[in-house]
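Everything below belongs to start.cif, which stores mmCIF, C-alpha atoms.
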data_coords
#
loop_
_atom_site.label_atom_id
_atom_site.label_comp_id
_atom_site.auth_asym_id
_atom_site.auth_seq_id
_atom_site.Cartn_x
_atom_site.Cartn_y
_atom_site.Cartn_z
CA MET I 9 -32.72 -11.28 -4.48
CA GLN I 10 -29.58 -10.37 -2.54
CA HIS I 11 -27.26 -7.70 -3.89
CA ARG I 12 -23.86 -9.25 -4.56
CA ILE I 13 -20.82 -7.25 -3.44
CA VAL I 14 -17.35 -8.58 -4.26
CA VAL I 15 -14.18 -7.00 -2.84
CA LEU I 16 -10.93 -7.88 -4.61
CA GLY I 17 -7.86 -7.76 -2.37
CA ALA I 18 -7.59 -7.82 1.41
CA GLY I 19 -4.81 -5.37 2.07
CA TYR I 20 -5.48 -2.36 4.26
CA THR I 21 -8.09 -0.85 1.94
CA GLY I 22 -9.94 -3.98 0.83
CA ALA I 23 -10.25 -5.41 4.33
CA ILE I 24 -11.43 -2.10 5.75
CA ALA I 25 -13.99 -1.61 2.97
CA ALA I 26 -15.38 -5.13 3.42
CA GLY I 27 -15.70 -4.75 7.19
CA ARG I 28 -17.33 -1.35 6.93
CA LEU I 29 -19.86 -2.59 4.39
CA ALA I 30 -20.68 -5.56 6.61
CA ARG I 31 -21.43 -3.17 9.43
CA ARG I 32 -23.65 -0.89 7.37
CA LEU I 33 -25.79 -3.34 5.38
CA ARG I 34 -28.26 -6.05 6.39
CA ARG I 35 -27.09 -9.61 5.77
CA GLU I 36 -30.53 -10.53 4.45
CA ASP I 37 -30.09 -7.98 1.65
CA VAL I 38 -26.50 -8.50 0.51
CA THR I 39 -23.82 -11.11 0.06
CA LEU I 40 -20.31 -9.86 0.70
CA ALA I 41 -17.32 -11.82 -0.64
CA LEU I 42 -13.71 -10.82 0.05
CA VAL I 43 -11.25 -12.38 -2.41
CA ASN I 44 -7.60 -12.70 -1.41
CA ALA I 45 -4.78 -15.07 -2.29
CA GLU I 46 -3.44 -15.35 1.27
CA PRO I 47 -5.32 -16.40 4.42
CA ASP I 48 -3.93 -13.70 6.69
CA PHE I 49 -3.40 -9.96 6.66
CA VAL I 50 -0.01 -8.63 5.58
CA GLU I 51 1.25 -5.46 7.31
CA ARG I 52 2.86 -4.03 4.23
CA VAL I 53 4.19 -0.97 6.08
CA ARG I 54 6.39 -3.33 8.14
CA MET I 55 8.02 -5.30 5.35
CA HIS I 56 11.39 -3.63 6.02
CA GLN I 57 11.18 -5.00 9.56
CA LEU I 58 10.35 -8.49 8.33
CA ALA I 59 13.32 -8.32 5.96
CA VAL I 60 15.83 -7.81 8.78
CA GLY I 61 14.57 -10.74 10.84
CA GLN I 62 11.80 -9.31 12.98
CA ASP I 63 8.71 -11.48 13.33
CA LEU I 64 5.27 -9.96 12.83
CA ARG I 65 2.10 -10.92 14.64
CA PRO I 66 -0.10 -13.24 12.54
CA ARG I 67 -3.57 -11.86 11.74
CA PRO I 68 -5.76 -14.61 10.19
CA PHE I 69 -8.75 -13.34 8.24
CA SER I 70 -10.82 -16.23 9.59
CA GLU I 71 -10.57 -14.63 13.02
CA MET I 72 -10.83 -11.02 11.87
CA PHE I 73 -14.08 -11.53 9.98
CA ALA I 74 -15.66 -14.21 12.16
CA GLY I 75 -19.34 -13.43 12.66
CA THR I 76 -19.34 -10.36 10.39
CA GLY I 77 -21.06 -11.90 7.40
CA VAL I 78 -18.00 -11.40 5.19
CA GLU I 79 -17.23 -14.56 3.20
CA LEU I 80 -13.49 -15.00 2.63
CA ARG I 81 -12.65 -16.56 -0.72
CA LEU I 82 -9.02 -17.71 -0.87
CA ALA I 83 -8.18 -17.31 -4.53
CA LYS I 84 -5.98 -15.46 -6.98
CA VAL I 85 -7.73 -12.98 -9.24
CA THR I 86 -6.74 -13.60 -12.87
CA GLY I 87 -9.11 -11.27 -14.71
CA VAL I 88 -12.14 -9.00 -14.50
CA ASP I 89 -14.85 -8.65 -17.12
CA VAL I 90 -16.58 -5.42 -16.11
CA ASP I 91 -19.06 -5.65 -18.97
CA ARG I 92 -20.30 -9.06 -17.83
CA ARG I 93 -19.76 -8.20 -14.14
CA ALA I 94 -17.62 -11.29 -13.62
CA VAL I 95 -14.29 -11.98 -11.90
CA ALA I 96 -12.06 -14.87 -12.99
CA VAL I 97 -10.25 -16.58 -10.10
CA VAL I 98 -8.06 -19.59 -9.45
CA ASP I 99 -8.21 -21.38 -6.11
CA ALA I 100 -7.35 -24.80 -4.69
CA ASN I 101 -10.15 -26.32 -6.78
CA GLY I 102 -9.00 -24.77 -10.04
CA ALA I 103 -10.36 -21.95 -12.18
CA GLY I 104 -13.70 -20.37 -11.38
CA GLU I 105 -15.79 -17.25 -11.71
CA LEU I 106 -17.56 -14.85 -9.35
CA THR I 107 -20.35 -12.58 -10.50
CA TYR I 108 -21.22 -9.32 -8.81
CA ASP I 109 -23.61 -6.38 -8.71
CA THR I 110 -21.07 -4.08 -7.08
CA LEU I 111 -17.31 -4.55 -7.27
CA VAL I 112 -14.70 -3.00 -4.98
CA TYR I 113 -11.31 -3.19 -6.68
CA ALA I 114 -8.51 -3.13 -4.09
CA LEU I 115 -5.72 -5.17 -5.69
CA GLY I 116 -3.17 -2.50 -4.82
CA SER I 117 0.36 -2.28 -6.14
CA GLY I 118 3.71 -4.04 -6.22
CA TRP I 119 7.28 -3.05 -6.89
CA ASN I 120 8.17 -1.23 -10.09
CA PRO I 121 11.45 -2.26 -11.82
CA GLN I 122 10.86 0.68 -14.21
CA GLY I 123 12.44 -1.21 -17.08
CA VAL I 124 15.94 -0.85 -15.64
CA PRO I 125 18.17 -3.69 -16.92
CA GLY I 126 18.99 -6.33 -14.34
CA VAL I 127 16.46 -5.31 -11.69
CA ASP I 128 14.20 -8.35 -12.14
CA GLU I 129 17.16 -10.74 -12.08
CA HIS I 130 19.41 -9.23 -9.43
CA ALA I 131 17.45 -6.90 -7.11
CA HIS I 132 15.28 -7.62 -4.09
CA GLU I 133 11.92 -5.99 -3.36
CA ILE I 134 10.06 -5.40 -0.10
CA ALA I 135 6.66 -4.45 -1.51
CA SER I 136 5.39 -7.97 -0.72
CA ARG I 137 5.82 -10.54 2.01
CA PRO I 138 7.48 -13.13 -0.27
CA GLY I 139 9.93 -10.46 -1.40
CA ALA I 140 10.71 -9.39 2.15
CA LEU I 141 11.25 -13.01 3.20
CA ARG I 142 13.63 -13.62 0.28
CA LEU I 143 15.62 -10.54 1.27
CA ARG I 144 15.60 -11.70 4.89
CA GLU I 145 17.17 -14.99 3.88
CA ARG I 146 19.75 -13.27 1.70
CA LEU I 147 20.78 -10.73 4.34
CA ALA I 148 21.18 -13.50 6.90
CA ARG I 149 23.81 -15.11 4.67
CA LEU I 150 25.89 -11.95 4.24
CA ASP I 151 29.28 -11.80 5.93
CA ALA I 152 30.43 -8.72 7.81
CA GLY I 153 31.61 -5.86 5.64
CA GLN I 154 29.64 -6.79 2.54
CA PRO I 155 27.93 -3.93 0.69
CA VAL I 156 24.15 -3.45 0.51
CA VAL I 157 22.71 -0.78 -1.78
CA VAL I 158 19.15 0.47 -1.32
CA VAL I 159 17.90 2.12 -4.51
CA GLY I 160 15.27 4.82 -4.06
CA GLY I 161 15.13 7.93 -1.89
CA GLY I 162 11.41 7.81 -1.11
CA LEU I 163 9.92 6.85 2.24
CA THR I 164 10.29 3.11 1.62
CA GLY I 165 13.95 3.50 0.72
CA LEU I 166 14.68 5.62 3.80
CA GLU I 167 13.00 3.09 6.06
CA ALA I 168 14.71 0.10 4.43
CA ALA I 169 18.20 1.62 4.56
CA THR I 170 17.97 2.65 8.22
CA GLU I 171 16.36 -0.63 9.30
CA ILE I 172 19.08 -2.70 7.64
CA ALA I 173 21.89 -0.49 8.95
CA GLU I 174 20.55 -0.63 12.51
CA ALA I 175 19.90 -4.38 12.48
CA ARG I 176 23.21 -5.20 10.75
CA PRO I 177 25.80 -2.58 11.72
CA ASP I 178 28.49 -4.93 10.39
CA LEU I 179 27.30 -4.37 6.80
CA ASP I 180 28.29 -1.51 4.50
CA VAL I 181 24.88 0.04 3.73
CA ALA I 182 24.42 2.70 1.05
CA LEU I 183 21.44 4.57 -0.38
CA ALA I 184 21.27 5.64 -4.03
CA ALA I 185 18.72 8.44 -4.52
CA ARG I 186 17.65 10.06 -7.79
CA GLY I 187 17.43 13.42 -6.00
CA GLY I 188 18.83 14.77 -2.75
CA LEU I 189 18.44 13.03 0.61
CA GLY I 190 15.02 13.96 1.94
CA ASP I 191 14.64 16.74 -0.60
CA ARG I 192 10.86 16.84 -0.11
CA LEU I 193 11.16 17.34 3.63
CA SER I 194 11.43 20.55 5.60
CA PRO I 195 14.91 21.83 6.57
CA LYS I 196 14.40 20.42 10.06
CA GLY I 197 13.38 17.06 8.62
CA ARG I 198 16.39 16.93 6.29
CA ARG I 199 18.81 17.79 9.10
CA HIS I 200 17.42 15.01 11.26
CA LEU I 201 17.59 12.55 8.39
CA GLN I 202 21.22 13.44 7.72
CA ARG I 203 22.07 13.03 11.40
CA VAL I 204 20.44 9.60 11.63
CA PHE I 205 22.04 8.37 8.40
CA GLY I 206 25.41 9.61 9.59
CA GLY I 207 25.00 7.94 12.98
CA LEU I 208 24.16 4.63 11.32
CA GLY I 209 27.09 4.87 8.94
CA ILE I 210 24.95 4.86 5.80
CA THR I 211 26.68 6.18 2.68
CA VAL I 212 24.38 8.40 0.63
CA HIS I 213 24.75 8.76 -3.13
CA GLU I 214 22.62 11.75 -4.10
CA HIS I 215 21.49 12.55 -7.65
CA ALA I 216 22.39 8.98 -8.57
CA ALA I 217 19.75 7.56 -10.90
CA VAL I 218 20.45 3.84 -11.24
CA THR I 219 20.56 2.69 -14.87
CA ALA I 220 21.60 -0.96 -14.46
CA VAL I 221 21.78 -3.65 -11.77
CA GLU I 222 24.22 -6.55 -11.94
CA ALA I 223 25.01 -9.43 -9.61
CA GLY I 224 27.66 -7.50 -7.70
CA ARG I 225 27.06 -3.83 -8.44
CA VAL I 226 24.72 -1.08 -9.60
CA THR I 227 25.56 1.54 -12.20
CA THR I 228 24.32 5.13 -12.12
CA ALA I 229 23.55 7.55 -14.94
CA ASP I 230 26.69 9.58 -14.26
CA GLY I 231 28.90 6.52 -14.60
CA ARG I 232 29.39 5.58 -10.97
CA SER I 233 29.72 1.88 -10.16
CA LEU I 234 28.54 1.01 -6.66
CA PRO I 235 29.49 -2.40 -5.22
CA ALA I 236 26.44 -4.35 -4.07
CA ALA I 237 26.39 -7.86 -2.71
CA VAL I 238 22.66 -7.18 -2.27
CA THR I 239 20.56 -4.58 -4.07
CA VAL I 240 17.21 -3.56 -2.56
CA TRP I 241 14.93 -1.87 -5.10
CA THR I 242 12.44 0.64 -3.66
CA ALA I 243 12.15 3.05 -6.60
CA GLY I 244 8.38 3.35 -6.78
CA PHE I 245 5.33 1.14 -7.13
CA ALA I 246 3.29 -0.20 -10.04
CA VAL I 247 -0.39 -1.08 -9.82
CA HIS I 248 -1.71 -4.56 -10.51
CA PRO I 249 -2.11 -4.90 -14.31
CA ILE I 250 -5.59 -6.44 -14.31
CA ALA I 251 -7.55 -3.16 -14.40
CA ARG I 252 -5.66 -1.91 -17.43
CA ALA I 253 -6.70 -5.04 -19.35
CA THR I 254 -10.40 -4.24 -18.85
CA THR I 255 -12.67 -1.61 -20.41
CA LEU I 256 -12.45 0.47 -17.23
CA GLN I 257 -11.15 3.99 -17.73
CA THR I 258 -7.59 4.06 -16.37
CA ASP I 259 -4.66 6.44 -16.58
CA ASP I 260 -1.43 5.54 -18.35
CA THR I 261 -0.18 3.72 -15.23
CA GLY I 262 -3.24 1.49 -14.97
CA ARG I 263 -4.93 3.24 -12.03
CA ILE I 264 -8.72 3.32 -12.23
CA VAL I 265 -10.10 6.85 -12.67
CA VAL I 266 -12.70 7.51 -9.96
CA ASP I 267 -14.92 10.34 -8.78
CA GLY I 268 -15.07 11.80 -5.29
CA THR I 269 -16.92 8.75 -3.94
CA MET I 270 -14.28 6.37 -5.36
CA ARG I 271 -16.65 5.14 -8.06
CA SER I 272 -15.31 4.43 -11.54
CA VAL I 273 -16.14 7.24 -13.95
CA SER I 274 -16.76 4.69 -16.72
CA HIS I 275 -18.48 1.84 -14.85
CA PRO I 276 -20.76 2.97 -11.97
CA ASP I 277 -20.96 -0.52 -10.48
CA VAL I 278 -17.17 -0.56 -9.85
CA TYR I 279 -15.37 1.23 -7.03
CA ALA I 280 -11.59 1.43 -6.68
CA VAL I 281 -9.69 2.14 -3.47
CA GLY I 282 -6.11 2.52 -2.33
CA ASP I 283 -3.21 2.35 -4.76
CA ALA I 284 -5.47 1.05 -7.53
CA ALA I 285 -7.48 4.29 -7.70
CA LEU I 286 -6.64 7.56 -9.39
CA ALA I 287 -8.38 9.90 -6.98
CA MET I 288 -7.93 13.65 -6.87
CA GLY I 289 -7.08 15.43 -3.64
CA PRO I 290 -6.69 19.08 -2.65
CA GLY I 291 -5.36 21.33 -5.38
CA ASP I 292 -6.69 18.85 -7.96
CA LYS I 293 -3.57 16.74 -7.44
CA PRO I 294 -3.68 12.92 -7.63
CA LEU I 295 -3.38 11.24 -4.24
CA ARG I 296 -0.12 9.36 -3.89
CA MET I 297 0.03 5.63 -3.28
CA SER I 298 0.09 5.41 0.50
CA CYS I 299 -1.71 4.12 3.55
CA ALA I 300 -2.46 7.76 4.41
CA SER I 301 -4.75 8.13 1.40
CA GLY I 302 -5.74 4.48 1.01
CA THR I 303 -7.59 4.06 4.29
CA PRO I 304 -9.79 7.16 3.88
CA SER I 305 -10.57 6.07 0.32
CA ALA I 306 -11.84 2.73 1.67
CA TRP I 307 -14.11 4.52 4.14
CA GLN I 308 -15.36 6.78 1.36
CA ALA I 309 -16.15 3.92 -1.01
CA ALA I 310 -17.88 1.76 1.59
CA ASP I 311 -20.03 4.64 2.81
CA ALA I 312 -20.91 5.65 -0.76
CA ILE I 313 -21.94 2.11 -1.69
CA ALA I 314 -24.07 1.81 1.44
CA ALA I 315 -25.66 5.19 0.80
CA ARG I 316 -26.54 4.42 -2.81
CA LEU I 317 -28.00 1.03 -1.89
CA THR I 318 -30.06 2.28 1.04
CA GLY I 319 -31.10 5.70 -0.20
CA GLY I 320 -28.88 7.48 2.32
CA ARG I 321 -26.77 10.60 2.01
CA LEU I 322 -23.57 10.34 0.00
CA PRO I 323 -20.32 11.07 1.88
CA HIS I 324 -18.42 14.20 0.92
CA ALA I 325 -15.43 14.02 3.24
CA PRO I 326 -12.34 15.55 1.59
CA LEU I 327 -9.36 13.26 1.10
CA ARG I 328 -6.30 15.12 2.39
CA TYR I 329 -2.93 14.69 4.11
CA PHE I 330 -1.72 15.66 7.57
CA ASN I 331 1.77 14.20 7.90
CA GLN I 332 4.33 11.77 6.54
CA CYS I 333 5.39 9.15 9.10
CA ILE I 334 8.87 7.67 8.62
CA SER I 335 10.53 5.04 10.79
CA LEU I 336 14.32 5.27 10.89
CA GLY I 337 15.10 2.00 12.60
CA ARG I 338 13.52 1.05 15.90
CA ARG I 339 14.83 3.99 17.94
CA GLU I 340 14.49 6.96 15.60
CA GLY I 341 11.68 8.41 13.54
CA LEU I 342 10.54 11.46 11.64
CA ILE I 343 7.03 12.87 11.44
CA GLN I 344 6.94 15.52 8.75
CA TYR I 345 3.82 17.66 8.91
CA VAL I 346 2.40 18.63 5.53
CA THR I 347 -0.26 20.74 3.88
CA ALA I 348 -3.53 19.21 2.72
CA ASP I 349 -1.94 18.56 -0.69
CA ASP I 350 1.15 16.90 0.83
CA ARG I 351 3.75 19.71 0.77
CA ALA I 352 6.12 19.85 3.72
CA VAL I 353 5.74 22.64 6.27
CA GLN I 354 8.34 23.75 8.79
CA ALA I 355 6.96 21.66 11.66
CA ALA I 356 8.42 18.18 12.18
CA LEU I 357 8.64 15.73 15.07
CA THR I 358 11.93 13.87 15.39
CA GLY I 359 13.81 11.35 17.51
CA ARG I 360 12.47 8.77 19.89
CA LEU I 361 9.09 10.45 20.25
CA ALA I 362 8.63 10.31 16.48
CA ALA I 363 9.54 6.61 16.50
CA VAL I 364 6.83 5.97 19.11
CA TYR I 365 4.37 8.03 17.07
CA LYS I 366 5.08 6.01 13.92
CA GLU I 367 4.75 2.74 15.83
CA LEU I 368 1.35 3.82 17.14
CA VAL I 369 0.27 4.70 13.61
CA CYS I 370 1.31 1.24 12.35
CA LYS I 371 -0.42 -0.50 15.24
CA GLY I 372 -3.51 1.61 14.75
CA ALA I 373 -3.68 0.78 11.04
CA ALA I 374 -3.38 -2.95 11.73
CA TRP I 375 -5.91 -2.73 14.57
CA GLY I 376 -8.35 -0.99 12.25
CA VAL I 377 -8.07 -3.86 9.77
CA ALA I 378 -8.33 -6.49 12.50
CA ASN I 379 -11.44 -4.76 13.89
CA PRO I 380 -13.05 -3.65 10.65
CA THR I 381 -16.49 -2.95 12.09
CA PHE I 382 -15.41 -1.01 15.18
CA GLY I 383 -16.71 2.55 15.37
CA VAL I 384 -19.18 2.10 12.51
CA PRO I 385 -22.86 2.58 13.42
CA THR I 386 -24.39 -0.73 14.50
CA ARG I 387 -27.67 -0.07 12.73
CA ARG I 388 -27.63 -1.92 9.43
CA ARG I 389 -29.79 -0.20 6.85
CA ARG I 390 -32.03 -2.04 4.44
CA VAL I 391 -31.24 -2.09 0.73
CA VAL I 392 -34.02 -0.15 -0.95
CA ARG I 393 -32.74 0.28 -4.51
CA GLU I 394 -29.98 -0.60 -6.91
CA PRO I 395 -27.10 1.83 -7.42
CA ALA I 396 -27.63 4.53 -10.02
CA THR I 397 -26.22 3.66 -13.43
CA VAL I 398 -24.96 7.15 -14.16
CA GLY I 399 -22.87 9.77 -12.32
#
Would you kindly transcribe this structure into structure tokens?
Amino acid sequence: MQHRIVVLGAGYTGAIAAGRLARRLRREDVTLALVNAEPDFVERVRMHQLAVGQDLRPRPFSEMFAGTGVELRLAKVTGVDVDRRAVAVVDANGAGELTYDTLVYALGSGWNPQGVPGVDEHAHEIASRPGALRLRERLARLDAGQPVVVVGGGLTGLEAATEIAEARPDLDVALAARGGLGDRLSPKGRRHLQRVFGGLGITVHEHAAVTAVEAGRVTTADGRSLPAAVTVWTAGFAVHPIARATTLQTDDTGRIVVDGTMRSVSHPDVYAVGDAALAMGPGDKPLRMSCASGTPSAWQAADAIAARLTGGRLPHAPLRYFNQCISLGRREGLIQYVTADDRAVQAALTGRLAAVYKELVCKGAAWGVANPTFGVPTRRRRVVREPATVG
């Protein structure tokens, strides 16, 4: 009887995990289903580009996984019963159910309104393609001189603010950050960021935690009222709520607690990758939600599953960081080098060269998804046993 592997979500991590498993296991021994609501791959790291009117190259899954043995199931996941090993889905034919022997949970994350009044009603998000397209339409209708406020001083906020300001220099773009501008960067990185923001005419409101969003303004904790014809909310991410509704062990944010091989500590037949997983990195610190940690986690999970099924050696590659890649429009960038546990060091690459570097990283990530089996050993190993039921 074939071992049934189901992968939920075809973002960067789910697509990579599915492709890597297809390359490592014999088709006679396993079935491999990839469940996703959309028929093509979404380059999430480029949603700020999509929002300002740039068109992205389509990447249909039907082409990406042709001939690999991966079965694409276009459906929305509505629930997971990890005790029955069943996934509830809804597709064009209605509600259904998929059963599995091994589950790879890669449903990722979306935007996080953080309970701030008015965010759901009045703010735009760029954590998804529909959100980016709605913002694109709204920005296109703005007249010159109208104010746009980007809320959030993290990497997504920095990229969104600079992309909008570069694409629409006629708009009055501002960034509202809870802390200082680039306060987690090195001094060199912060100086470059300040120079780019100044050159683009972006107003920066530091130490400005937003406490309310209205149709025409945002309000900060210290009483400031910032005019906003459009508010873009980038203040963090929240994981998909499905895992938290199961008996899986999760943290208080809903991330699945996993071991070093990305296997659930409570349910050994479930693996979690990417933003959905609470994995520990160097210094016993949780890995942040990012492509930088998501892709290696997908490799780790796929290799661990293959090893446990075929009697091979488990992977023990450490999950660590090397740099933070930030696009600042199409002509500027910032590559901040970091320690293994993601703390900024003095070294940083800036300017046009950094922009090229970031573009190559984005292209490489998309290429890796579009060619999921490239670079993986061509020898598919035979399944010799079921995965262990304990640690």
Residue contacts of stretch 288-304 of chain I (7 Å, only C-alpha atoms) excluding same-chain residues fewer than 2 positions away, as a list in words: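 With the cut-off at 7 Å, the set is Tyr20, Thr21, Val281, Gly282, Asp283, Leu286, Ala306, Trp307, Gln308, Leu327, Arg328, Tyr329, Ala348 and Asp349 of chain I.
For the structure in this document, the set picked by the PyMOL selection byres ((chain I and resi 110) around 7) is Arg12, Ile13, Val14, Tyr108, Asp109, Leu111, Val112, Asp277 and Val278 of chain I.
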Give me the result of the PyMOL selection byres ((chain I and resi 366) around 12) on this file, residue by residue, as a short mmCIF file (atom, residue, chain, number, x, y, z; two decimals) with C-alpha atoms, keeping the file's coordinate frame.
data_model
loop_
_atom_site.label_atom_id
_atom_site.label_comp_id
_atom_site.auth_asym_id
_atom_site.auth_seq_id
_atom_site.Cartn_x
_atom_site.Cartn_y
_atom_site.Cartn_z
CA VAL I 53 4.19 -0.97 6.08
CA ARG I 54 6.39 -3.33 8.14
CA GLU I 167 13.00 3.09 6.06
CA ASN I 331 1.77 14.20 7.90
CA GLN I 332 4.33 11.77 6.54
CA CYS I 333 5.39 9.15 9.10
CA ILE I 334 8.87 7.67 8.62
CA SER I 335 10.53 5.04 10.79
CA LEU I 336 14.32 5.27 10.89
CA GLY I 337 15.10 2.00 12.60
CA ARG I 338 13.52 1.05 15.90
CA ARG I 339 14.83 3.99 17.94
CA GLU I 340 14.49 6.96 15.60
CA GLY I 341 11.68 8.41 13.54
CA LEU I 342 10.54 11.46 11.64
CA ILE I 343 7.03 12.87 11.44
CA GLN I 344 6.94 15.52 8.75
CA LEU I 357 8.64 15.73 15.07
CA THR I 358 11.93 13.87 15.39
CA GLY I 359 13.81 11.35 17.51
CA ARG I 360 12.47 8.77 19.89
CA LEU I 361 9.09 10.45 20.25
CA ALA I 362 8.63 10.31 16.48
CA ALA I 363 9.54 6.61 16.50
CA VAL I 364 6.83 5.97 19.11
CA TYR I 365 4.37 8.03 17.07
CA GLU I 367 4.75 2.74 15.83
CA LEU I 368 1.35 3.82 17.14
CA VAL I 369 0.27 4.70 13.61
CA CYS I 370 1.31 1.24 12.35
CA LYS I 371 -0.42 -0.50 15.24
CA GLY I 372 -3.51 1.61 14.75
CA ALA I 373 -3.68 0.78 11.04
#
Within 12 Å of I:Ala74 using all atoms listed in the file, minus same-chain residues under 2 positions, as a ChimeraX atom specification: /I:27,30,68-72,76-80,378-381
Atom pair atom CA of I:His130 / atom CA of I:Glu51: separation (Å):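 Result for atom CA of I:His130 versus atom CA of I:Glu51: 25.0 Å, one decimal.
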Using only C-alpha atoms, which residues of stretch 90-116 of chain I come within 12 Å of stretch 255-266 of chain I, and what is the closest atom pair for each, with the distance in Å to one decimal? Give it as a Markdown table, sorted by chain and residue number.
| residue | atom | partner | partner_atom | distance |
| --- | --- | --- | --- | --- |
| I:Val90 | CA | I:Thr255 | CA | 6.9 |
| I:Asp91 | CA | I:Thr255 | CA | 7.7 |
| I:Arg92 | CA | I:Thr255 | CA | 11.0 |
| I:Arg93 | CA | I:Thr255 | CA | 11.5 |
| I:Val112 | CA | I:Ile264 | CA | 11.3 |
| I:Tyr113 | CA | I:Ile264 | CA | 8.9 |
| I:Ala114 | CA | I:Ile264 | CA | 10.4 |
| I:Leu115 | CA | I:Arg263 | CA | 10.6 |
| I:Gly116 | CA | I:Arg263 | CA | 9.4 |
For atom CA of I:Thr228 and atom CA of I:Trp241, the interatomic separation in Å (one decimal):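 Atom-to-atom, atom CA of I:Thr228 and atom CA of I:Trp241 are spaced 13.7 Å apart.
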Could you name the residues that touch stretch 186-190 of chain I at 7 Å or less, counting all atoms listed in the file, but leaving out those on the same chain fewer than 6 positions away, as a PDB file with C-alpha atoms, in the coordinates of the input?
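File result-v6.pdb, as written:
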ATOM      1  CA  GLY I 160      15.270   4.820  -4.060  1.00  0.00           C
ATOM      2  CA  GLY I 161      15.130   7.930  -1.890  1.00  0.00           C
ATOM      3  CA  ARG I 198      16.390  16.930   6.290  1.00  0.00           C
ATOM      4  CA  GLU I 214      22.620  11.750  -4.100  1.00  0.00           C
ATOM      5  CA  HIS I 215      21.490  12.550  -7.650  1.00  0.00           C
ATOM      6  CA  ALA I 216      22.390   8.980  -8.570  1.00  0.00           C
ATOM      7  CA  ALA I 217      19.750   7.560 -10.900  1.00  0.00           C
TER       8      ALA I 217
END
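Of the listed residues (I:Pro323, I:Gly197, I:Gly118, I:Gly224), I:Pro323 comes nearest to I:Ala310; the distances count only C-alpha atoms.
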I:Ala237, I:Leu163, I:Leu179, I:Ala59 ranked by distance to I:Ser136, top pick (using only C-alpha atoms):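 So, comparing all the options, the nearest one is I:Ala59.
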Nearest residue to I:Pro155 from the set I:Ile313, I:Ala236, I:Ile24, I:Ala325 (distances using all atoms listed in the file): I:Ala236
Target residues per the PyMOL selection byres ((chain I and resi 100-105) around 12), formatted as an MDAnalysis selection string: chainID I and resid 14 43 45:46 81:89 92:99 106:108
Pick from I:Asp350, I:Glu36, I:Glu174, I:Asp48 nearest to I:Gly206, counting only C-alpha atoms: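 With only C-alpha atoms as the atom set, the closest residue is I:Glu174.
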Selection: 12 Å around I:Arg34, only C-alpha atoms, excl. self and same-chain fewer than 2 positions, as a ChimeraX atom specification: /I:10-11,28-32,36-40,76-78,314,317-318,386-392
Residue among I:Ala184, I:Ala309, I:Leu234, I:Ala175 lying closest to I:Gly22, counting all atoms listed in the file: I:Ala309
One-decimal distance in Å that lies between atom CA of I:Phe245 and atom CA of I:His324: 28.3 Å
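For the choices I:Gln122, I:Ser272, I:Gln154, I:Gln202, the atom-to-atom distance to I:Thr219 is smallest for I:Gln122 when using only C-alpha atoms.
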